[in-house]
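This is target-v2.pdb. It holds PDB, C-alpha atoms.
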```pdb
ATOM      1  CA  MET O  20      97.265   7.937  49.620  1.00  0.00           C
ATOM      2  CA  LEU O  21      93.554   8.701  49.704  1.00  0.00           C
ATOM      3  CA  VAL O  22      91.786   8.632  46.323  1.00  0.00           C
ATOM      4  CA  ILE O  23      88.380  10.295  46.435  1.00  0.00           C
ATOM      5  CA  LEU O  24      85.759   9.476  43.789  1.00  0.00           C
ATOM      6  CA  SER O  25      82.784  11.812  43.556  1.00  0.00           C
ATOM      7  CA  GLY O  26      79.870  12.371  41.240  1.00  0.00           C
ATOM      8  CA  VAL O  27      76.114  12.262  41.444  1.00  0.00           C
ATOM      9  CA  ALA O  28      74.296   9.069  42.437  1.00  0.00           C
ATOM     10  CA  GLY O  29      74.485   6.784  39.407  1.00  0.00           C
ATOM     11  CA  ALA O  30      77.768   8.190  38.065  1.00  0.00           C
ATOM     12  CA  GLY O  31      79.477   4.813  38.519  1.00  0.00           C
ATOM     13  CA  LYS O  32      81.557   5.452  41.639  1.00  0.00           C
ATOM     14  CA  ASP O  33      80.885   2.109  43.291  1.00  0.00           C
ATOM     15  CA  THR O  34      81.420   0.080  40.093  1.00  0.00           C
ATOM     16  CA  ILE O  35      84.717   1.843  39.391  1.00  0.00           C
ATOM     17  CA  LYS O  36      85.859   1.447  42.990  1.00  0.00           C
ATOM     18  CA  LYS O  37      85.219  -2.324  42.814  1.00  0.00           C
ATOM     19  CA  GLU O  38      87.173  -2.580  39.559  1.00  0.00           C
ATOM     20  CA  LEU O  39      90.151  -0.670  41.003  1.00  0.00           C
ATOM     21  CA  ILE O  40      90.252  -2.949  44.043  1.00  0.00           C
ATOM     22  CA  LYS O  41      90.025  -6.036  41.834  1.00  0.00           C
ATOM     23  CA  ARG O  42      92.758  -4.909  39.427  1.00  0.00           C
ATOM     24  CA  MET O  43      95.280  -3.065  41.586  1.00  0.00           C
ATOM     25  CA  GLU O  44      97.504  -4.252  44.413  1.00  0.00           C
ATOM     26  CA  ASN O  45      97.427  -2.461  47.741  1.00  0.00           C
ATOM     27  CA  VAL O  46      94.105  -0.714  47.003  1.00  0.00           C
ATOM     28  CA  GLU O  47      91.220  -0.937  49.470  1.00  0.00           C
ATOM     29  CA  THR O  48      87.960   0.844  50.054  1.00  0.00           C
ATOM     30  CA  LEU O  49      86.844   2.673  53.140  1.00  0.00           C
ATOM     31  CA  PRO O  50      83.091   2.250  53.456  1.00  0.00           C
ATOM     32  CA  SER O  51      81.184   5.099  55.048  1.00  0.00           C
ATOM     33  CA  PHE O  52      78.879   4.650  57.988  1.00  0.00           C
ATOM     34  CA  THR O  53      75.249   5.260  57.058  1.00  0.00           C
ATOM     35  CA  SER O  54      71.831   5.323  58.644  1.00  0.00           C
ATOM     36  CA  ARG O  55      70.118   4.255  55.434  1.00  0.00           C
ATOM     37  CA  PRO O  56      68.538   0.789  55.315  1.00  0.00           C
ATOM     38  CA  LYS O  57      70.421  -2.054  53.649  1.00  0.00           C
ATOM     39  CA  ARG O  58      69.511  -2.684  50.023  1.00  0.00           C
ATOM     40  CA  GLU O  59      69.701  -5.876  48.056  1.00  0.00           C
ATOM     41  CA  GLY O  60      73.378  -6.639  47.418  1.00  0.00           C
ATOM     42  CA  ASP O  61      74.688  -4.464  50.276  1.00  0.00           C
ATOM     43  CA  VAL O  62      77.383  -6.067  52.402  1.00  0.00           C
ATOM     44  CA  GLU O  63      78.045  -4.879  55.963  1.00  0.00           C
ATOM     45  CA  GLY O  64      81.552  -3.407  55.956  1.00  0.00           C
ATOM     46  CA  GLY O  65      81.715  -3.794  52.178  1.00  0.00           C
ATOM     47  CA  THR O  66      79.331  -1.206  50.783  1.00  0.00           C
ATOM     48  CA  TYR O  67      78.675   0.596  54.090  1.00  0.00           C
ATOM     49  CA  TYR O  68      78.652   0.133  57.828  1.00  0.00           C
ATOM     50  CA  PHE O  69      74.960   0.247  58.697  1.00  0.00           C
ATOM     51  CA  VAL O  70      73.780   1.869  61.931  1.00  0.00           C
ATOM     52  CA  THR O  71      70.505   3.362  63.103  1.00  0.00           C
ATOM     53  CA  LYS O  72      69.924   7.133  63.106  1.00  0.00           C
ATOM     54  CA  PRO O  73      70.237   7.265  66.931  1.00  0.00           C
ATOM     55  CA  GLU O  74      73.516   5.280  66.751  1.00  0.00           C
ATOM     56  CA  PHE O  75      74.838   7.620  64.047  1.00  0.00           C
ATOM     57  CA  GLU O  76      73.872  10.683  66.088  1.00  0.00           C
ATOM     58  CA  GLN O  77      75.685   9.209  69.103  1.00  0.00           C
ATOM     59  CA  MET O  78      78.791   8.703  66.925  1.00  0.00           C
ATOM     60  CA  ILE O  79      78.551  12.376  65.870  1.00  0.00           C
ATOM     61  CA  GLU O  80      78.345  13.389  69.518  1.00  0.00           C
ATOM     62  CA  ASN O  81      81.384  11.205  70.304  1.00  0.00           C
ATOM     63  CA  GLY O  82      83.415  12.905  67.536  1.00  0.00           C
ATOM     64  CA  ASP O  83      83.885   9.629  65.620  1.00  0.00           C
ATOM     65  CA  PHE O  84      83.718  11.178  62.124  1.00  0.00           C
ATOM     66  CA  TYR O  85      86.084  13.296  60.029  1.00  0.00           C
ATOM     67  CA  GLU O  86      83.010  14.421  58.155  1.00  0.00           C
ATOM     68  CA  TYR O  87      79.366  13.522  57.852  1.00  0.00           C
ATOM     69  CA  ASP O  88      76.386  14.769  55.914  1.00  0.00           C
ATOM     70  CA  VAL O  89      72.739  14.021  55.223  1.00  0.00           C
ATOM     71  CA  HIS O  90      71.739  12.843  51.734  1.00  0.00           C
ATOM     72  CA  HIS O  91      68.377  11.572  50.647  1.00  0.00           C
ATOM     73  CA  ASN O  92      67.267  11.808  54.303  1.00  0.00           C
ATOM     74  CA  ASN O  93      70.043   9.545  55.622  1.00  0.00           C
ATOM     75  CA  TYR O  94      73.354  10.184  57.374  1.00  0.00           C
ATOM     76  CA  TYR O  95      76.695   9.264  55.767  1.00  0.00           C
ATOM     77  CA  GLY O  96      80.068   9.703  57.476  1.00  0.00           C
ATOM     78  CA  THR O  97      83.793   8.874  57.346  1.00  0.00           C
ATOM     79  CA  SER O  98      85.181   7.155  60.440  1.00  0.00           C
ATOM     80  CA  LYS O  99      88.324   8.714  61.912  1.00  0.00           C
ATOM     81  CA  LYS O 100      89.426   5.405  63.440  1.00  0.00           C
ATOM     82  CA  LEU O 101      88.977   3.287  60.297  1.00  0.00           C
ATOM     83  CA  LEU O 102      90.608   5.808  57.960  1.00  0.00           C
ATOM     84  CA  LYS O 103      93.616   6.164  60.283  1.00  0.00           C
ATOM     85  CA  GLU O 104      94.010   2.366  60.552  1.00  0.00           C
ATOM     86  CA  LYS O 105      93.939   1.909  56.777  1.00  0.00           C
ATOM     87  CA  MET O 106      96.287   4.832  56.100  1.00  0.00           C
ATOM     88  CA  ASP O 107      98.733   3.562  58.743  1.00  0.00           C
ATOM     89  CA  SER O 108      98.782   0.173  57.004  1.00  0.00           C
ATOM     90  CA  GLY O 109     100.189   1.834  53.862  1.00  0.00           C
ATOM     91  CA  LYS O 110      97.179   1.016  51.693  1.00  0.00           C
ATOM     92  CA  ILE O 111      95.873   3.204  48.900  1.00  0.00           C
ATOM     93  CA  ILE O 112      92.338   4.018  50.016  1.00  0.00           C
ATOM     94  CA  VAL O 113      89.634   4.589  47.402  1.00  0.00           C
ATOM     95  CA  LYS O 114      86.673   6.398  48.944  1.00  0.00           C
ATOM     96  CA  ASP O 115      83.502   7.419  47.171  1.00  0.00           C
ATOM     97  CA  ILE O 116      82.056  10.511  48.745  1.00  0.00           C
ATOM     98  CA  ASP O 117      79.983  13.548  47.817  1.00  0.00           C
ATOM     99  CA  VAL O 118      81.310  17.038  47.110  1.00  0.00           C
ATOM    100  CA  ASN O 119      80.715  18.325  50.652  1.00  0.00           C
ATOM    101  CA  GLY O 120      82.574  15.370  52.168  1.00  0.00           C
ATOM    102  CA  THR O 121      85.413  15.876  49.694  1.00  0.00           C
ATOM    103  CA  GLU O 122      85.774  19.495  50.735  1.00  0.00           C
ATOM    104  CA  HIS O 123      85.827  18.542  54.440  1.00  0.00           C
ATOM    105  CA  LEU O 124      88.378  15.747  53.993  1.00  0.00           C
ATOM    106  CA  ILE O 125      90.689  17.967  51.921  1.00  0.00           C
ATOM    107  CA  GLU O 126      90.573  20.637  54.613  1.00  0.00           C
ATOM    108  CA  LEU O 127      91.104  18.199  57.492  1.00  0.00           C
ATOM    109  CA  LEU O 128      93.757  15.946  55.933  1.00  0.00           C
ATOM    110  CA  LYS O 129      95.640  18.045  53.367  1.00  0.00           C
ATOM    111  CA  ASN O 130      98.675  18.658  55.586  1.00  0.00           C
ATOM    112  CA  ASP O 131      99.437  15.020  56.388  1.00  0.00           C
ATOM    113  CA  THR O 132      97.807  12.876  53.689  1.00  0.00           C
ATOM    114  CA  LYS O 133      98.287  12.680  49.929  1.00  0.00           C
ATOM    115  CA  ILE O 134      94.777  13.202  48.537  1.00  0.00           C
ATOM    116  CA  VAL O 135      93.831  12.703  44.878  1.00  0.00           C
ATOM    117  CA  THR O 136      90.334  13.846  43.938  1.00  0.00           C
ATOM    118  CA  ILE O 137      88.416  12.599  40.893  1.00  0.00           C
ATOM    119  CA  PHE O 138      84.952  13.754  39.817  1.00  0.00           C
ATOM    120  CA  LEU O 139      82.947  11.493  37.499  1.00  0.00           C
ATOM    121  CA  ARG O 140      80.618  13.296  35.129  1.00  0.00           C
ATOM    122  CA  VAL O 141      77.591  11.762  33.469  1.00  0.00           C
ATOM    123  CA  PRO O 142      75.094  13.589  31.245  1.00  0.00           C
ATOM    124  CA  LYS O 143      71.783  14.161  33.056  1.00  0.00           C
ATOM    125  CA  GLU O 144      69.748  12.027  30.619  1.00  0.00           C
ATOM    126  CA  GLU O 145      72.202   9.124  30.945  1.00  0.00           C
ATOM    127  CA  LEU O 146      72.077   9.510  34.712  1.00  0.00           C
ATOM    128  CA  LYS O 147      68.277   9.278  34.651  1.00  0.00           C
ATOM    129  CA  ARG O 148      68.499   6.089  32.575  1.00  0.00           C
ATOM    130  CA  ARG O 149      71.056   4.542  34.969  1.00  0.00           C
ATOM    131  CA  LEU O 150      69.003   5.390  38.039  1.00  0.00           C
ATOM    132  CA  LYS O 151      65.878   3.801  36.533  1.00  0.00           C
ATOM    133  CA  SER O 152      67.757   0.590  35.700  1.00  0.00           C
ATOM    134  CA  ARG O 153      69.435   0.109  39.097  1.00  0.00           C
ATOM    135  CA  ILE O 154      69.071  -3.230  40.860  1.00  0.00           C
ATOM    136  CA  ASP O 155      67.678  -1.536  43.974  1.00  0.00           C
ATOM    137  CA  LYS O 156      64.886   0.086  41.894  1.00  0.00           C
ATOM    138  CA  PRO O 157      64.678   3.577  43.418  1.00  0.00           C
ATOM    139  CA  SER O 158      61.226   5.128  43.568  1.00  0.00           C
ATOM    140  CA  PRO O 159      60.346   8.024  41.224  1.00  0.00           C
ATOM    141  CA  GLU O 160      60.691  10.330  44.270  1.00  0.00           C
ATOM    142  CA  GLU O 161      64.218   9.013  45.016  1.00  0.00           C
ATOM    143  CA  ILE O 162      65.209   9.464  41.368  1.00  0.00           C
ATOM    144  CA  MET O 163      63.961  13.078  41.419  1.00  0.00           C
ATOM    145  CA  LEU O 164      65.802  13.724  44.698  1.00  0.00           C
ATOM    146  CA  ARG O 165      69.052  12.493  43.134  1.00  0.00           C
ATOM    147  CA  LEU O 166      68.534  14.361  39.859  1.00  0.00           C
ATOM    148  CA  ASN O 167      67.793  17.577  41.783  1.00  0.00           C
ATOM    149  CA  ARG O 168      71.262  17.330  43.342  1.00  0.00           C
ATOM    150  CA  PHE O 169      72.908  17.055  39.903  1.00  0.00           C
ATOM    151  CA  ASP O 170      73.434  20.800  39.304  1.00  0.00           C
ATOM    152  CA  TYR O 171      74.804  21.389  42.810  1.00  0.00           C
ATOM    153  CA  GLU O 172      77.358  18.579  42.513  1.00  0.00           C
ATOM    154  CA  GLU O 173      78.365  19.710  39.015  1.00  0.00           C
ATOM    155  CA  SER O 174      78.879  23.270  40.316  1.00  0.00           C
ATOM    156  CA  ARG O 175      81.572  21.999  42.717  1.00  0.00           C
ATOM    157  CA  ILE O 176      83.930  20.339  40.202  1.00  0.00           C
ATOM    158  CA  ASN O 177      86.560  23.028  40.799  1.00  0.00           C
ATOM    159  CA  LEU O 178      87.436  21.120  44.015  1.00  0.00           C
ATOM    160  CA  TYR O 179      88.798  18.199  42.004  1.00  0.00           C
ATOM    161  CA  ASP O 180      92.227  17.362  40.604  1.00  0.00           C
ATOM    162  CA  TYR O 181      90.670  15.342  37.768  1.00  0.00           C
ATOM    163  CA  VAL O 182      87.272  15.499  36.072  1.00  0.00           C
ATOM    164  CA  LEU O 183      86.353  12.528  33.872  1.00  0.00           C
ATOM    165  CA  ARG O 184      83.320  11.830  31.728  1.00  0.00           C
ATOM    166  CA  ASN O 185      82.249   8.307  32.651  1.00  0.00           C
ATOM    167  CA  ASN O 186      80.593   7.039  29.488  1.00  0.00           C
ATOM    168  CA  ASP O 187      82.873   3.995  28.976  1.00  0.00           C
ATOM    169  CA  LEU O 188      83.588   1.934  32.102  1.00  0.00           C
ATOM    170  CA  GLU O 189      86.742   0.223  30.816  1.00  0.00           C
ATOM    171  CA  LYS O 190      88.270   3.470  29.565  1.00  0.00           C
ATOM    172  CA  THR O 191      87.412   5.292  32.817  1.00  0.00           C
ATOM    173  CA  VAL O 192      88.920   2.514  34.965  1.00  0.00           C
ATOM    174  CA  GLN O 193      92.112   2.503  32.868  1.00  0.00           C
ATOM    175  CA  ILE O 194      92.455   6.297  33.152  1.00  0.00           C
ATOM    176  CA  ILE O 195      91.963   6.210  36.927  1.00  0.00           C
ATOM    177  CA  MET O 196      94.482   3.362  37.303  1.00  0.00           C
ATOM    178  CA  THR O 197      96.996   5.491  35.375  1.00  0.00           C
ATOM    179  CA  ILE O 198      96.218   8.514  37.570  1.00  0.00           C
ATOM    180  CA  ILE O 199      96.795   6.463  40.742  1.00  0.00           C
ATOM    181  CA  GLU O 200     100.081   5.005  39.437  1.00  0.00           C
ATOM    182  CA  ASN O 201     101.336   8.463  38.370  1.00  0.00           C
ATOM    183  CA  GLU O 202     100.323  10.094  41.665  1.00  0.00           C
ATOM    184  CA  LYS O 203     101.976   7.241  43.605  1.00  0.00           C
ATOM    185  CA  ARG O 204     105.216   7.765  41.608  1.00  0.00           C
ATOM    186  CA  ILE O 205     105.124  11.515  42.224  1.00  0.00           C
ATOM    187  CA  GLU O 206     104.613  10.931  45.952  1.00  0.00           C
ATOM    188  CA  GLN O 207     107.501   8.434  46.133  1.00  0.00           C
ATOM    189  CA  ASN O 208     109.854  10.852  44.356  1.00  0.00           C
ATOM    190  CA  LYS O 209     109.246  13.690  46.832  1.00  0.00           C
TER     191      LYS O 209
END
```

Represent the structure from my file as structure tokens, please.
Amino acid sequence: MLVILSGVAGAGKDTIKKELIKRMENVETLPSFTSRPKREGDVEGGTYYFVTKPEFEQMIENGDFYEYDVHHNNYYGTSKKLLKEKMDSGKIIVKDIDVNGTEHLIELLKNDTKIVTIFLRVPKEELKRRLKSRIDKPSPEEIMLRLNRFDYEESRINLYDYVLRNNDLEKTVQIIMTIIENEKRIEQNK
């Protein structure tokens, strides 16, 4: 099963993903490849797989991605090889990805993969506060870039199976754990 978490930058996707992996058996992440520079706290193969822009463009040319996109002037993409390996191992994959990537993965994988999509909503003012207090200290320009994407991402929530307001981490994690368990049961009873 592939569980997709989406929401604007600062919605809590990465924090929730880490909590799900910590608390649930058989749950793993699938980091995207990115051309963005490493930030403090980033772990190669943990948060992302880091490559240069020319390397990423070569991977595009080689057809290595299910989907890829450009955000905040950097490439992000989902590896065909890595996703297939993890799915074949029987793991539940939790992937945080934007709305465009979600749409592409649904279209490409819907016939042979159980996909559960969850959109995390955060009020715009709360989002601004979270972005300003991040460890990686985004510049005012980066914050504006991310806030400008807010309305577009919010306009795409009809793609998602579940839409949750993420204003209480523990409650949100518990709800998502319940969703995963229920979806797993439904899939096993087919």

Discussion item. The PyMOL selection byres ((chain O and resi 33-37) around 12) - which residues does that actually catch in the file I just gave you? List them as an MDAnalysis selection string.
Written reply: chainID O and resid 22:32 38:43 46:50 61 65:67 111:116 137:139 185:196

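Relative to atom CA of Lys143 of chain O, atom CA of Arg165 of chain O is found at 10.6 Å.
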
Take every atom of segment 53-56 of chain O listed in the file, pad by 8 Å on each side, and give me the axis-aligned box centre and edge lengths in Å, one decimal, as JSON.
```
{"center_x": 71.9, "center_y": 3.1, "center_z": 57.0, "size_x": 22.7, "size_y": 20.5, "size_z": 19.3}
```

Discussion item. Translate the PyMOL selection byres ((chain O and resi 125) around 10) into a concrete residue list for this structure, as a ChimeraX atom specification.
Written reply: /O:21,23,120-124,126-130,132-136,178

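Here atom CA of Val70 of chain O stands at a distance of 6.1 Å from atom CA of Thr53 of chain O.
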
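The space between atom CA of Leu150 of chain O and atom CA of Ser54 of chain O spans 20.8 Å.
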
Fill in: Close residues, Lys99 of chain O itself excluded, 7 Å, only C-alpha atoms, min 3 positions apart in chain, as number ranges by chain
O: 83-85, 102-103

Practice prompt. Convert the output of the PyMOL selection byres ((chain O and resi 90-92) around 10) on the shown file into explicit residues, formatted as a ChimeraX atom specification.
Written response: /O:53-55,87-89,93-95,117,161,164-165,168

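If only C-alpha atoms are the atoms counted, then among O:Glu74, O:Lys57, O:Asp131, O:Leu146 the closest residue to Arg184 of chain O is O:Leu146.
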
Shell of 12 Å around Gln207 of chain O, all atoms listed in the file, local chain residues under 6 positions omitted, as a PDB file with C-alpha atoms, keeping the file's coordinate frame:
```pdb
ATOM      1  CA  MET O  20      97.265   7.937  49.620  1.00  0.00           C
ATOM      2  CA  LYS O 133      98.287  12.680  49.929  1.00  0.00           C
ATOM      3  CA  GLU O 200     100.081   5.005  39.437  1.00  0.00           C
ATOM      4  CA  ASN O 201     101.336   8.463  38.370  1.00  0.00           C
TER       5      ASN O 201
END
```

Would you fill out segment 116-133 of chain O with N, CA and C atoms and return it as a compact mmCIF listing (two decimals), keeping the file's coordinate frame?
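Okay, selection_9.txt is ready:
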```txt
# COMPACT_ATOMS: atom_id res chain seq x y z
N ILE O 116 82.63 9.54 47.82
CA ILE O 116 82.06 10.51 48.74
C ILE O 116 81.53 11.70 47.96
N ASP O 117 80.58 12.41 48.52
CA ASP O 117 79.98 13.55 47.82
C ASP O 117 80.90 14.77 47.88
N VAL O 118 80.49 15.83 47.22
CA VAL O 118 81.31 17.04 47.11
C VAL O 118 81.54 17.72 48.46
N ASN O 119 80.54 17.71 49.33
CA ASN O 119 80.72 18.32 50.65
C ASN O 119 81.73 17.54 51.47
N GLY O 120 81.62 16.22 51.45
CA GLY O 120 82.57 15.37 52.17
C GLY O 120 83.99 15.53 51.63
N THR O 121 84.10 15.67 50.32
CA THR O 121 85.41 15.88 49.69
C THR O 121 86.05 17.15 50.23
N GLU O 122 85.27 18.21 50.25
CA GLU O 122 85.77 19.50 50.74
C GLU O 122 86.24 19.38 52.19
N HIS O 123 85.46 18.70 53.03
CA HIS O 123 85.83 18.54 54.44
C HIS O 123 87.10 17.72 54.60
N LEU O 124 87.19 16.60 53.86
CA LEU O 124 88.38 15.75 53.99
C LEU O 124 89.64 16.46 53.50
N ILE O 125 89.53 17.21 52.41
CA ILE O 125 90.69 17.97 51.92
C ILE O 125 91.16 18.93 53.01
N GLU O 126 90.23 19.65 53.59
CA GLU O 126 90.57 20.64 54.61
C GLU O 126 91.20 19.98 55.84
N LEU O 127 90.64 18.86 56.28
CA LEU O 127 91.10 18.20 57.49
C LEU O 127 92.41 17.43 57.32
N LEU O 128 92.64 16.87 56.12
CA LEU O 128 93.76 15.95 55.93
C LEU O 128 94.87 16.45 55.03
N LYS O 129 94.70 17.61 54.40
CA LYS O 129 95.64 18.05 53.37
C LYS O 129 97.08 18.17 53.84
N ASN O 130 97.31 18.45 55.11
CA ASN O 130 98.68 18.66 55.59
C ASN O 130 99.42 17.37 55.88
N ASP O 131 98.71 16.25 56.07
CA ASP O 131 99.44 15.02 56.39
C ASP O 131 99.03 13.81 55.56
N THR O 132 98.23 14.00 54.53
CA THR O 132 97.81 12.88 53.69
C THR O 132 97.82 13.31 52.23
N LYS O 133 98.36 12.44 51.37
CA LYS O 133 98.29 12.68 49.93
C LYS O 133 96.86 12.37 49.50
```
